[in-house]
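Undergrad: Got a structure for you, questions after.
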Amino acid sequence: GSYASTEKEKTLAMIKPDGLNYTGYIKRVIDESGFSILKATMVQLDESNAALFYAEHSERTFFPSLVKYITSGPVSVMVLEKVNAIADWRALIGPTDAKKAKITHPHSIRAICGMDTERNCVHGSDSVQSALREISFFFEEMVSNEGRDLNHDEL
Ligand code: RTP
Ligand code: MG
């Protein structure tokens, strides 16, 4: 009903390996845009958990390259919360192709920190369903007390 639009929402944000140099800038955008960072951790994904995280793309031609890219160094994952967090974070990061983003969305995070259609520096959940899946992927304790087989280091 009409209450939904004022309810807080959670989304999973990731700073990809190529975006780590821009962590200070990205965190500042997050803060200035009114998000609360509920959880944050650095993770080195291995091939199998990268493939699981991006399972929806497993049949795409770019999948092997995507897995190689996302495992090329540590990533920083955060649970962001605010009203309309999922759509607002997607709007802040901009289109998938950072090269196009530099023209069409020059103030977006991908335009500023990204390189091309693969190396686009950040990730954001694209729906309520994927946000729930992705948050529990990295922060199982937010859903249950079971741990996951990932190499976590609390920030
Ligand atoms: P993400 O899931 O990482 O937030 O990105 P997205 O929704 O904007 O884009 P998606 O279609 O879900 O693609 C996931 C990631 O795969 C890489 N990619 N490479 N070489 C290519 O054509 C290609 N297309 C996508 C990007 O790193 C993209 O963010
Ligand atoms: Mg996606």
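Labels used: A, B, ... for chains in the order of the structure tokens, numbers from 1 for residues in each chain, and numbers from 1 for ligands as shown.
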With only C-alpha atoms counted and 8 Å as the cut-off, give the residues of segment 72-136 of chain A in contact with segment 34-55 of chain A, each with its shortest interatomic distance in Å and the pair that gives it, as a Markdown table.
TA:
```
| residue | atom | partner | partner_atom | distance |
| --- | --- | --- | --- | --- |
| A:Gly73 | CA | A:Gln44 | CA | 6.3 |
| A:Pro74 | CA | A:Gln44 | CA | 4.3 |
| A:Val75 | CA | A:Val43 | CA | 5.5 |
| A:Ser76 | CA | A:Met42 | CA | 4.5 |
| A:Val77 | CA | A:Thr41 | CA | 5.5 |
| A:Met78 | CA | A:Ala40 | CA | 4.3 |
| A:Val79 | CA | A:Lys39 | CA | 5.1 |
| A:Leu80 | CA | A:Ile37 | CA | 4.8 |
| A:Glu81 | CA | A:Ser36 | CA | 5.1 |
| A:Lys82 | CA | A:Phe35 | CA | 5.2 |
| A:Ala85 | CA | A:Phe35 | CA | 7.5 |
| A:Glu134 | CA | A:Phe53 | CA | 7.4 |
```
Undergrad: Would you list, as a ChimeraX atom specification, the residues of chain A that end up in helix (DSSP H, G or I) under DSSP run on this structure's backbone?
TA: /A:4-6,17-32,47-53,55-57,63-70,85-93,98-104,109-113,128-138,140-142
Undergrad: Using only C-alpha atoms, pick whichever of A:Glu56, A:Lys10, A:Trp89, A:Phe62 has the shortest atom-to-atom distance to Ile135 of chain A.
TA: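 Smallest distance to Ile135 of chain A is found for A:Lys10.
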Undergrad: Do you know which residues are at most 9 Å from Ala101 of chain A counting only C-alpha atoms, after dropping those on the same chain fewer than 4 positions away, and could you put them as a PyMOL selection string?
TA: chain A and resi 94-97+105-112+114+116
Undergrad: Can I get the residues close to ligand 1 as a PyMOL selection string, where close means within 9 Å and we count only C-alpha atoms and all ligand atoms?
TA: chain A and resi 13-14+16+54+56-57+60-63+65-67+69-70+90+93-97+116-126
